[in-house]
>>> print(open('run_2.cif').read())   # mmCIF, C-alpha atoms
data_structure
#
loop_
_atom_site.label_atom_id
_atom_site.label_comp_id
_atom_site.auth_asym_id
_atom_site.auth_seq_id
_atom_site.Cartn_x
_atom_site.Cartn_y
_atom_site.Cartn_z
CA MET A 12 0.00 0.00 0.00
CA LEU A 13 1.22 3.47 -0.90
CA ILE A 14 -0.42 5.06 2.13
CA SER A 15 -1.54 3.78 5.51
CA VAL A 16 -5.20 3.06 6.26
CA ASN A 17 -5.30 6.01 8.67
CA THR A 18 -3.89 8.35 6.03
CA PHE A 19 -6.45 7.11 3.49
CA TRP A 20 -9.40 7.89 5.76
CA THR A 21 -7.86 11.20 6.80
CA ILE A 22 -7.59 12.19 3.14
CA LEU A 23 -11.25 11.28 2.64
CA LEU A 24 -12.19 13.37 5.69
CA ILE A 25 -10.25 16.35 4.34
CA VAL A 26 -11.86 16.00 0.89
CA HIS A 27 -15.28 15.83 2.59
CA GLY A 28 -14.41 19.02 4.50
CA LEU A 29 -13.16 20.83 1.39
CA LEU A 30 -16.29 19.92 -0.56
CA ALA A 31 -18.39 21.15 2.37
CA ILE A 32 -16.52 24.47 2.40
CA ALA A 33 -17.10 24.95 -1.34
CA LEU A 34 -20.78 24.13 -0.85
CA LEU A 35 -21.05 26.46 2.14
CA GLY A 36 -19.52 29.36 0.21
CA ALA A 37 -21.69 28.86 -2.86
CA LEU A 38 -24.91 28.42 -0.86
CA THR A 39 -24.20 31.40 1.38
CA HIS A 40 -23.57 33.65 -1.64
CA GLN A 41 -26.75 32.40 -3.28
CA ALA A 42 -28.88 32.67 -0.14
CA MET A 43 -27.72 36.24 0.45
CA ALA A 44 -28.38 37.09 -3.20
CA VAL A 45 -31.92 35.72 -3.13
CA LEU A 46 -32.92 36.91 0.34
CA MET A 47 -31.39 40.39 -0.01
CA PRO A 48 -31.23 41.05 -3.75
CA VAL A 49 -29.05 43.94 -4.85
CA ARG A 50 -31.08 46.67 -6.53
CA GLN A 51 -28.31 49.18 -7.07
CA THR A 52 -24.76 49.08 -8.32
CA ALA A 53 -22.52 47.15 -5.96
CA GLY A 54 -20.74 49.26 -3.35
CA GLY A 55 -19.18 47.74 -0.25
CA PHE A 56 -18.10 44.20 0.55
CA VAL A 57 -21.49 43.01 1.77
CA THR A 58 -23.28 44.40 -1.27
CA ARG A 59 -20.76 42.79 -3.61
CA PHE A 60 -21.15 39.51 -1.65
CA ARG A 61 -24.90 39.64 -2.42
CA ALA A 62 -24.44 40.70 -6.04
CA VAL A 63 -23.41 37.31 -7.44
CA PRO A 64 -25.20 35.78 -10.46
CA ALA A 65 -27.05 33.40 -8.12
CA ALA A 66 -28.87 31.27 -10.70
CA GLY A 67 -25.55 30.14 -12.16
CA TYR A 68 -24.70 28.43 -8.86
CA ALA A 69 -27.63 25.99 -8.85
CA THR A 70 -26.17 23.04 -10.76
CA ALA A 71 -22.81 23.34 -9.00
CA ILE A 72 -24.56 23.38 -5.61
CA CYS A 73 -26.53 20.23 -6.47
CA VAL A 74 -23.35 18.44 -7.58
CA LEU A 75 -21.46 19.62 -4.49
CA TRP A 76 -24.29 18.54 -2.17
CA ILE A 77 -24.35 15.04 -3.70
CA LEU A 78 -20.55 14.69 -3.64
CA THR A 79 -20.30 15.94 -0.05
CA PHE A 80 -23.14 13.60 0.92
CA LEU A 81 -21.49 10.58 -0.72
CA MET A 82 -18.12 11.33 0.87
CA GLY A 83 -19.78 11.77 4.26
CA ALA A 84 -21.69 8.53 3.81
CA TRP A 85 -18.46 6.71 2.98
CA ILE A 86 -16.61 8.11 6.00
CA TYR A 87 -19.61 7.30 8.19
CA THR A 88 -18.79 3.57 7.94
CA LYS A 89 -15.60 4.20 9.92
CA TYR A 90 -17.11 6.94 12.08
CA ARG A 91 -19.63 4.50 13.53
CA ILE A 92 -16.90 2.36 15.05
CA TYR A 93 -13.81 4.51 15.51
CA VAL A 94 -15.43 7.83 16.43
CA ARG A 95 -18.93 7.28 17.77
CA ILE A 96 -18.04 4.54 20.24
CA PRO A 97 -15.23 6.57 21.89
CA ILE A 98 -17.48 9.66 21.91
CA GLU A 99 -20.16 7.70 23.75
CA GLN A 100 -17.60 6.20 26.13
CA ALA A 101 -16.44 9.74 26.91
CA GLY A 102 -20.03 10.76 27.63
CA TYR A 103 -20.38 13.36 24.85
CA TRP A 104 -24.04 12.44 24.33
CA LYS A 105 -25.23 15.82 23.08
CA THR A 106 -22.37 15.97 20.58
CA GLN A 107 -23.42 12.58 19.24
CA GLY A 108 -27.07 13.70 19.23
CA PHE A 109 -26.17 16.63 17.03
CA PHE A 110 -24.37 14.27 14.67
CA GLU A 111 -27.53 12.18 14.39
CA LEU A 112 -29.46 15.35 13.56
CA LYS A 113 -26.81 16.23 10.98
CA GLU A 114 -27.34 12.94 9.14
CA HIS A 115 -31.13 13.45 9.13
CA ALA A 116 -30.73 17.01 7.83
CA ALA A 117 -28.34 15.91 5.08
CA THR A 118 -30.89 13.40 3.75
CA LEU A 119 -33.74 15.93 3.94
CA GLY A 120 -31.54 18.35 1.97
CA LEU A 121 -30.96 15.68 -0.67
CA GLY A 122 -34.72 15.43 -1.17
CA LEU A 123 -34.90 19.17 -1.87
CA LEU A 124 -32.34 19.19 -4.68
CA PRO A 125 -34.63 18.49 -7.70
CA ILE A 126 -37.11 21.26 -6.84
CA TYR A 127 -34.27 23.58 -5.82
CA TRP A 128 -32.61 23.06 -9.22
CA TYR A 129 -35.91 23.48 -11.06
CA VAL A 130 -36.89 26.76 -9.42
CA TRP A 131 -33.44 28.24 -10.01
CA LYS A 132 -33.45 27.18 -13.65
CA ASN A 133 -36.78 28.98 -13.90
CA ALA A 134 -35.61 32.07 -12.06
CA HIS A 135 -37.40 34.25 -14.62
CA ASP A 136 -40.77 32.96 -13.39
CA PRO A 137 -42.19 35.00 -10.47
CA GLU A 138 -44.40 32.01 -9.52
CA TYR A 139 -41.33 30.39 -7.98
CA ASP A 140 -39.90 33.43 -6.15
CA GLY A 141 -41.24 32.36 -2.75
CA VAL A 142 -40.26 28.70 -2.96
CA ARG A 143 -36.86 29.62 -4.40
CA LYS A 144 -36.13 31.85 -1.40
CA SER A 145 -37.40 29.32 1.12
CA VAL A 146 -35.67 26.28 -0.34
CA THR A 147 -32.37 28.12 -0.78
CA ALA A 148 -32.50 29.51 2.76
CA LEU A 149 -33.31 26.04 4.15
CA LEU A 150 -30.47 24.39 2.25
CA ALA A 151 -28.09 27.13 3.41
CA PHE A 152 -29.23 26.64 7.02
CA ILE A 153 -28.77 22.85 6.80
CA CYS A 154 -25.35 23.32 5.22
CA TRP A 155 -24.21 25.71 7.97
CA PHE A 156 -25.63 23.46 10.70
CA ASN A 157 -23.99 20.34 9.27
CA PHE A 158 -20.71 22.12 8.71
CA LEU A 159 -20.53 23.41 12.29
CA VAL A 160 -21.53 20.04 13.79
CA GLY A 161 -18.94 18.29 11.63
CA HIS A 162 -16.33 20.83 12.65
CA VAL A 163 -17.06 20.32 16.37
CA LEU A 164 -16.98 16.53 15.94
CA ASN A 165 -13.65 16.79 14.18
CA ASN A 166 -12.37 18.76 17.16
CA VAL A 167 -13.70 16.16 19.58
CA ARG A 168 -12.30 13.17 17.75
CA GLY A 169 -11.19 13.74 14.20
CA PHE A 170 -7.86 14.32 12.52
CA GLY A 171 -4.97 12.68 14.37
CA SER A 172 -7.05 10.98 17.07
CA MET B 12 -29.25 26.13 -19.04
CA ASN B 13 -28.13 29.77 -19.33
CA THR B 14 -30.17 31.25 -16.53
CA THR B 15 -27.66 33.59 -14.94
CA ILE B 16 -28.98 36.80 -13.47
CA ALA B 17 -27.80 39.90 -15.25
CA THR B 18 -25.33 42.36 -13.71
CA PRO B 19 -27.02 44.44 -10.98
CA SER B 20 -28.80 47.38 -12.48
CA THR B 21 -30.05 50.65 -11.08
CA SER B 22 -33.69 49.73 -11.69
CA LYS B 23 -36.08 49.28 -8.77
CA SER B 24 -36.91 45.62 -9.44
CA PRO B 25 -34.31 42.89 -9.05
CA PRO B 26 -32.81 41.56 -12.28
CA ARG B 27 -34.55 38.50 -13.75
CA ALA B 28 -32.87 35.47 -15.24
CA LYS B 29 -33.53 34.42 -18.80
CA ALA B 30 -36.18 31.77 -19.52
CA ALA B 31 -35.11 28.18 -18.97
CA THR B 32 -33.66 26.74 -22.14
CA SER B 33 -32.83 23.18 -21.04
CA SER B 34 -35.50 20.62 -21.79
CA LEU B 35 -35.54 19.40 -18.18
CA ALA B 36 -35.94 22.87 -16.71
CA ALA B 37 -38.75 23.62 -19.16
CA SER B 38 -40.52 20.29 -18.58
CA ALA B 39 -43.85 20.31 -16.73
CA LYS B 40 -43.39 16.62 -15.95
CA PHE B 41 -40.04 17.27 -14.29
CA ARG B 42 -41.64 20.08 -12.28
CA THR B 43 -44.29 17.64 -11.03
CA PHE B 44 -41.64 15.02 -10.26
CA ALA B 45 -39.50 17.53 -8.36
CA VAL B 46 -42.42 18.84 -6.28
CA VAL B 47 -43.75 15.37 -5.38
CA PHE B 48 -40.25 14.00 -4.73
CA GLY B 49 -39.59 16.98 -2.44
CA ILE B 50 -42.79 16.21 -0.51
CA ALA B 51 -42.46 12.40 -0.42
CA VAL B 52 -38.83 12.16 0.72
CA PRO B 53 -39.19 13.94 4.10
CA VAL B 54 -42.45 12.11 4.83
CA MET B 55 -40.95 8.74 3.94
CA TYR B 56 -37.70 9.46 5.77
CA LEU B 57 -39.61 10.40 8.91
CA LEU B 58 -41.66 7.18 8.70
CA CYS B 59 -38.51 5.12 8.11
CA GLU B 60 -36.75 6.65 11.10
CA TRP B 61 -39.76 6.67 13.41
CA PHE B 62 -40.77 3.06 12.74
CA ASN B 63 -37.21 1.88 11.98
CA LEU B 64 -37.83 0.69 8.44
CA PRO B 65 -34.47 0.48 6.65
CA LEU B 66 -34.29 -1.13 3.22
CA PHE B 67 -31.15 -2.83 4.47
CA THR B 68 -28.97 -2.99 7.56
CA TYR B 69 -25.25 -2.43 7.38
CA HIS B 70 -22.83 -4.03 9.83
CA PRO B 71 -19.73 -1.79 9.58
CA ALA B 72 -17.38 -4.02 11.57
CA THR B 73 -17.89 -6.98 9.25
CA ASN B 74 -18.98 -5.12 6.07
CA ARG B 75 -22.10 -7.27 6.01
CA ILE B 76 -25.35 -6.02 4.48
CA GLU B 77 -28.68 -7.62 5.36
CA PHE B 78 -31.99 -6.92 3.68
CA TRP B 79 -34.52 -4.93 5.74
CA TRP B 80 -34.03 -4.54 9.51
CA ALA B 81 -31.58 -6.77 11.35
CA PRO B 82 -30.38 -6.67 14.94
CA ALA B 83 -26.75 -6.29 15.98
CA ARG B 84 -25.00 -9.66 16.21
CA SER B 85 -23.04 -10.64 19.23
CA GLY B 86 -19.34 -9.87 18.80
CA GLU B 87 -19.88 -8.16 15.43
CA GLY B 88 -20.20 -4.55 16.55
CA PRO B 89 -23.03 -2.09 15.98
CA THR B 90 -25.51 -1.90 13.11
CA MET B 91 -26.28 1.07 10.87
CA TYR B 92 -29.77 1.82 9.60
CA TRP B 93 -29.33 5.34 8.19
CA TYR B 94 -28.19 4.06 4.78
CA GLY B 95 -31.26 1.86 4.58
CA TRP B 96 -33.61 4.69 5.60
CA THR B 97 -32.03 7.07 3.09
CA VAL B 98 -32.08 4.68 0.13
CA LEU B 99 -35.66 3.59 0.85
CA SER B 100 -36.81 7.23 1.16
CA LEU B 101 -35.14 8.18 -2.13
CA LEU B 102 -36.55 5.13 -3.93
CA VAL B 103 -40.09 5.71 -2.67
CA GLY B 104 -39.76 9.45 -3.37
CA SER B 105 -38.64 8.68 -6.94
CA ALA B 106 -41.43 6.15 -7.48
CA VAL B 107 -44.13 8.48 -6.16
CA GLY B 108 -42.63 11.36 -8.15
CA LEU B 109 -42.65 9.32 -11.36
CA LEU B 110 -46.23 8.21 -10.74
CA ALA B 111 -47.23 11.83 -10.20
CA THR B 112 -45.94 12.75 -13.65
CA MET B 113 -48.92 10.83 -15.02
CA LEU B 114 -51.27 13.34 -13.42
CA PRO B 115 -52.77 15.98 -15.68
CA ASP B 116 -50.83 19.24 -15.43
CA SER B 117 -53.93 21.04 -14.13
CA VAL B 118 -54.05 18.64 -11.16
CA ALA B 119 -50.30 18.63 -10.53
CA ARG B 120 -50.24 22.42 -10.41
CA LYS B 121 -52.69 22.35 -7.50
CA ILE B 122 -50.09 20.76 -5.21
CA PRO B 123 -48.97 23.56 -2.87
CA LEU B 124 -45.33 24.44 -3.56
CA ALA B 125 -44.83 25.53 0.04
CA LEU B 126 -44.97 21.88 1.14
CA VAL B 127 -41.54 21.22 -0.34
CA TRP B 128 -39.82 23.43 2.25
CA LEU B 129 -42.40 23.23 5.03
CA LEU B 130 -42.39 19.42 5.38
CA PRO B 131 -38.60 19.04 5.83
CA ILE B 132 -38.73 21.70 8.58
CA LEU B 133 -41.67 19.98 10.27
CA ALA B 134 -39.97 16.58 9.91
CA LEU B 135 -36.96 17.87 11.82
CA ILE B 136 -39.10 18.34 14.94
CA PRO B 137 -40.03 14.65 15.52
CA LEU B 138 -36.58 13.62 14.26
CA ALA B 139 -34.97 15.80 16.93
CA TYR B 140 -37.48 14.49 19.49
CA SER B 141 -36.54 10.90 18.64
CA LEU B 142 -33.01 11.78 19.73
CA MET B 143 -34.22 12.60 23.24
CA PRO B 144 -31.93 9.98 24.87
CA PHE B 145 -28.96 11.96 23.58
CA TRP B 146 -30.28 15.30 24.87
CA THR B 147 -31.21 14.06 28.32
CA LYS B 148 -28.24 11.86 29.28
#
>>> encode(input="run_2.cif", output="structure tokens")
Amino acid sequence: MLISVNTFWTILLIVHGLLAIALLGALTHQAMAVLMPVRQTAGGFVTRFRAVPAAGYATAICVLWILTFLMGAWIYTKYRIYVRIPIEQAGYWKTQGFFELKEHAATLGLGLLPIYWYVWKNAHDPEYDGVRKSVTALLAFICWFNFLVGHVLNNVRGFGS
Amino acid sequence: MNTTIATPSTSKSPPRAKAATSSLAASAKFRTFAVVFGIAVPVMYLLCEWFNLPLFTYHPATNRIEFWWAPARSGEGPTMYWYGWTVLSLLVGSAVGLLATMLPDSVARKIPLALVWLLPILALIPLAYSLMPFWTK
């Protein structure tokens, strides 16, 4: 083997984290753009942050969500034994509870992707303005929640442990 | 597929994207599928989790997969049901979504769009409640 088993899973964890960061950035830009659309020429940092061509992010966000999900699902096989059991032995029950909620939220987000993609590809249609805002905001919330829970779990027992 | 929003203008209304040009984005049947899939998946996932109905059970320590629900085996570590819940929810969501595409467009358009974001939020409440042992230990 070129690399050790530990290194292999650590690389997967880092790739999962990097995909999550890309997804987080894209979704945050898009959520800001749709919830607080820019009506005047961009000025400061926050205005420029909101002034992205949000519809162009939709396909990339769907692909990133699926890739991040698949990587997370792959790592989860090892997490169940090498991370969850020590976390429970250490008594970090709430931390583990939040992880369980993270996995539920990730699946619920997956179910939103087709309609999310559809309403963004029909961004010209005012019929979908409300659902586009709500679905994007919900996906952004789930992404932030999952990212923060994953980050905390990595601190509790992740890289190098 | 070119649906990018134009550069911010000085007009009062926000800039609009161009009309969908991809066949999928312009398809009424895909719209129906997406709406019904978005409704069916959270409902099915909640049922799967609440009643513990995985399509399969995964035993991570031995890499064994068993159809439907299976208990943990002595000396073989824990079991994982999340994969089975997720796959079953996606399969049922896809099947119901595909069936819904057979509905007349006039009927399909009566399905409230708000359900696609409201149901996942509502599903999170019982899902979080089911984790009570973790919150109260």
>>> residues_around(input="run_2.cif", residues="stretch 95-103 of chain A", least_positions_apart="4", cutoff="12 Å", atoms="all atoms listed in the file", output="VMD selection string")
(chain A and resid 87 to 91 107 to 111 163 to 169 172) or (chain B and resid 88 to 89 91 145 to 148)
>>> residues_around(input="run_2.cif", residues="B:Leu101", least_positions_apart="4", cutoff="8 Å", atoms="all atoms listed in the file", output="NGL selection string")
(:A and (122)) or (:B and (52 or 97 or 105))
>>> write_last_selection(input="run_2.cif", atoms="C-alpha atoms", output="PDB file, keeping the file's coordinate frame")
ATOM      1  CA  GLY A 122     -34.720  15.430  -1.170  1.00  0.00           C
TER       2      GLY A 122
ATOM      3  CA  VAL B  52     -38.830  12.160   0.720  1.00  0.00           C
ATOM      4  CA  THR B  97     -32.030   7.070   3.090  1.00  0.00           C
ATOM      5  CA  SER B 105     -38.640   8.680  -6.940  1.00  0.00           C
TER       6      SER B 105
END
>>> closest_residue(input="run_2.cif", among="A:Cys73, A:Val160, A:Leu150, A:Ile32", to="chain B", atoms="all atoms listed in the file")
A:Leu150
>>> closest_atom_pairs(input="run_2.cif", of="chain A", to="chain B", cutoff="6 Å", atoms="only C-alpha atoms", output="CSV")
residue,atom,partner,partner_atom,distance
A:Arg50,CA,B:Pro25,CA,5.6
A:Gln51,CA,B:Thr21,CA,4.6
A:Thr52,CA,B:Pro19,CA,5.8
A:Pro64,CA,B:Ile16,CA,4.9
A:Ala66,CA,B:Thr15,CA,5.0
A:Gly67,CA,B:Thr15,CA,4.9
A:Thr88,CA,B:Pro71,CA,5.7
A:Trp104,CA,B:Phe145,CA,5.0
A:Lys105,CA,B:Trp146,CA,5.4
A:Gly108,CA,B:Phe145,CA,5.1
A:Leu119,CA,B:Pro53,CA,5.8
A:Gly122,CA,B:Gly49,CA,5.3
A:Leu123,CA,B:Gly49,CA,5.2
A:Pro125,CA,B:Ala45,CA,5.0
A:Ile126,CA,B:Ala45,CA,4.7
A:Tyr129,CA,B:Ala36,CA,5.7
A:Lys132,CA,B:Ala31,CA,5.7
A:Asn133,CA,B:Ala31,CA,5.4
A:Ala134,CA,B:Ala28,CA,5.4
A:His135,CA,B:Ala28,CA,4.7
A:Val146,CA,B:Trp128,CA,5.7
>>> resolve_selection(input="run_2.cif", expression="the PyMOL selection byres ((chain A and resi 26) around 12)", output="ChimeraX atom specification")
/A:19-25,27-33,75,78-83,85-86
>>> residues_around(input="run_2.cif", residues="A:Ile77", least_positions_apart="6", cutoff="10 Å", atoms="only C-alpha atoms", output="list in words")
Leu30, Ala71, Gly83, Ala117, Gly120, Leu121 and Leu124 of chain A
>>> closest_residue(input="run_2.cif", among="A:Leu35, A:Ile92, A:Thr18, A:Val57", to="A:Ala148", atoms="only C-alpha atoms")
A:Leu35
>>> atom_distance(input="run_2.cif", atom1="atom CA of B:Phe78", atom2="atom CA of B:Cys59")
14.4 Å
>>> atom_distance(input="run_2.cif", atom1="atom CA of A:Thr39", atom2="atom CA of A:Phe158")
12.3 Å
>>> closest_residue(input="run_2.cif", among="B:Leu114, B:Val103, B:Leu109, B:Ala119", to="B:Leu58", atoms="all atoms listed in the file")
B:Val103
>>> closest_residue(input="run_2.cif", among="B:Met55, B:Arg75, B:Arg120, B:Trp61", to="B:Pro137", atoms="all atoms listed in the file")
B:Trp61
>>> closest_residue(input="run_2.cif", among="A:Arg61, A:His115, A:His162, A:Lys144", to="B:Tyr92", atoms="only C-alpha atoms")
A:His115
>>> build_atoms(input="run_2.cif", residues="stretch 51-83 of chain B", atoms="N, CA and C atoms", output="mmCIF file, in the coordinates of the input")
data_model
loop_
_atom_site.group_PDB
_atom_site.id
_atom_site.type_symbol
_atom_site.label_atom_id
_atom_site.label_comp_id
_atom_site.auth_asym_id
_atom_site.auth_seq_id
_atom_site.Cartn_x
_atom_site.Cartn_y
_atom_site.Cartn_z
ATOM 1 N N ALA B 51 -42.461 13.814 -0.846
ATOM 2 C CA ALA B 51 -42.460 12.400 -0.420
ATOM 3 C C ALA B 51 -41.226 12.019 0.389
ATOM 4 N N VAL B 52 -40.068 12.582 0.035
ATOM 5 C CA VAL B 52 -38.830 12.160 0.720
ATOM 6 C C VAL B 52 -38.850 12.477 2.221
ATOM 7 N N PRO B 53 -39.174 13.711 2.632
ATOM 8 C CA PRO B 53 -39.190 13.940 4.100
ATOM 9 C C PRO B 53 -40.235 13.124 4.825
ATOM 10 N N VAL B 54 -41.403 12.920 4.187
ATOM 11 C CA VAL B 54 -42.450 12.110 4.830
ATOM 12 C C VAL B 54 -41.967 10.675 4.989
ATOM 13 N N MET B 55 -41.407 10.129 3.913
ATOM 14 C CA MET B 55 -40.950 8.740 3.940
ATOM 15 C C MET B 55 -39.768 8.569 4.900
ATOM 16 N N TYR B 56 -38.871 9.561 4.895
ATOM 17 C CA TYR B 56 -37.700 9.460 5.770
ATOM 18 C C TYR B 56 -38.142 9.476 7.241
ATOM 19 N N LEU B 57 -39.107 10.343 7.540
ATOM 20 C CA LEU B 57 -39.610 10.400 8.910
ATOM 21 C C LEU B 57 -40.237 9.064 9.312
ATOM 22 N N LEU B 58 -41.040 8.486 8.412
ATOM 23 C CA LEU B 58 -41.660 7.180 8.700
ATOM 24 C C LEU B 58 -40.591 6.102 8.895
ATOM 25 N N CYS B 59 -39.582 6.128 8.024
ATOM 26 C CA CYS B 59 -38.510 5.120 8.110
ATOM 27 C C CYS B 59 -37.777 5.218 9.453
ATOM 28 N N GLU B 60 -37.496 6.468 9.860
ATOM 29 C CA GLU B 60 -36.750 6.650 11.100
ATOM 30 C C GLU B 60 -37.623 6.324 12.312
ATOM 31 N N TRP B 61 -38.867 6.793 12.263
ATOM 32 C CA TRP B 61 -39.760 6.670 13.410
ATOM 33 C C TRP B 61 -40.108 5.209 13.694
ATOM 34 N N PHE B 62 -40.381 4.469 12.587
ATOM 35 C CA PHE B 62 -40.770 3.060 12.740
ATOM 36 C C PHE B 62 -39.611 2.107 12.458
ATOM 37 N N ASN B 63 -38.434 2.641 12.272
ATOM 38 C CA ASN B 63 -37.210 1.880 11.980
ATOM 39 C C ASN B 63 -37.429 0.904 10.816
ATOM 40 N N LEU B 64 -37.564 1.477 9.648
ATOM 41 C CA LEU B 64 -37.830 0.690 8.440
ATOM 42 C C LEU B 64 -36.699 0.893 7.418
ATOM 43 N N PRO B 65 -35.536 0.330 7.657
ATOM 44 C CA PRO B 65 -34.470 0.480 6.650
ATOM 45 C C PRO B 65 -34.637 -0.540 5.520
ATOM 46 N N LEU B 66 -34.256 -0.163 4.336
ATOM 47 C CA LEU B 66 -34.290 -1.130 3.220
ATOM 48 C C LEU B 66 -33.266 -2.233 3.460
ATOM 49 N N PHE B 67 -32.180 -1.844 4.119
ATOM 50 C CA PHE B 67 -31.150 -2.830 4.470
ATOM 51 C C PHE B 67 -30.431 -2.364 5.727
ATOM 52 N N THR B 68 -29.757 -3.285 6.358
ATOM 53 C CA THR B 68 -28.970 -2.990 7.560
ATOM 54 C C THR B 68 -27.509 -3.232 7.240
ATOM 55 N N TYR B 69 -26.685 -2.296 7.640
ATOM 56 C CA TYR B 69 -25.250 -2.430 7.380
ATOM 57 C C TYR B 69 -24.519 -2.698 8.693
ATOM 58 N N HIS B 70 -23.661 -3.707 8.662
ATOM 59 C CA HIS B 70 -22.830 -4.030 9.830
ATOM 60 C C HIS B 70 -21.400 -3.554 9.520
ATOM 61 N N PRO B 71 -21.008 -2.380 10.006
ATOM 62 C CA PRO B 71 -19.730 -1.790 9.580
ATOM 63 C C PRO B 71 -18.495 -2.596 9.994
ATOM 64 N N ALA B 72 -18.568 -3.289 11.108
ATOM 65 C CA ALA B 72 -17.380 -4.020 11.570
ATOM 66 C C ALA B 72 -17.063 -5.213 10.679
ATOM 67 N N THR B 73 -18.102 -5.785 10.078
ATOM 68 C CA THR B 73 -17.890 -6.980 9.250
ATOM 69 C C THR B 73 -18.220 -6.722 7.774
ATOM 70 N N ASN B 74 -18.610 -5.491 7.460
ATOM 71 C CA ASN B 74 -18.980 -5.120 6.070
ATOM 72 C C ASN B 74 -20.142 -5.954 5.542
ATOM 73 N N ARG B 75 -20.978 -6.446 6.437
ATOM 74 C CA ARG B 75 -22.100 -7.270 6.010
ATOM 75 C C ARG B 75 -23.345 -6.398 5.791
ATOM 76 N N ILE B 76 -24.089 -6.711 4.746
ATOM 77 C CA ILE B 76 -25.350 -6.020 4.480
ATOM 78 C C ILE B 76 -26.476 -7.050 4.524
ATOM 79 N N GLU B 77 -27.514 -6.733 5.287
ATOM 80 C CA GLU B 77 -28.680 -7.620 5.360
ATOM 81 C C GLU B 77 -29.907 -6.873 4.878
ATOM 82 N N PHE B 78 -30.761 -7.545 4.168
ATOM 83 C CA PHE B 78 -31.990 -6.920 3.680
ATOM 84 C C PHE B 78 -32.922 -6.596 4.850
ATOM 85 N N TRP B 79 -33.561 -5.426 4.752
ATOM 86 C CA TRP B 79 -34.520 -4.930 5.740
ATOM 87 C C TRP B 79 -33.830 -4.714 7.091
ATOM 88 N N TRP B 80 -34.576 -4.827 8.184
ATOM 89 C CA TRP B 80 -34.030 -4.540 9.510
ATOM 90 C C TRP B 80 -33.397 -5.810 10.092
ATOM 91 N N ALA B 81 -32.235 -5.629 10.693
ATOM 92 C CA ALA B 81 -31.580 -6.770 11.350
ATOM 93 C C ALA B 81 -30.954 -6.276 12.637
ATOM 94 N N PRO B 82 -30.981 -7.100 13.678
ATOM 95 C CA PRO B 82 -30.380 -6.670 14.940
ATOM 96 C C PRO B 82 -28.855 -6.791 14.894
ATOM 97 N N ALA B 83 -28.209 -6.140 15.862
ATOM 98 C CA ALA B 83 -26.750 -6.290 15.980
ATOM 99 C C ALA B 83 -26.438 -7.724 16.397
#
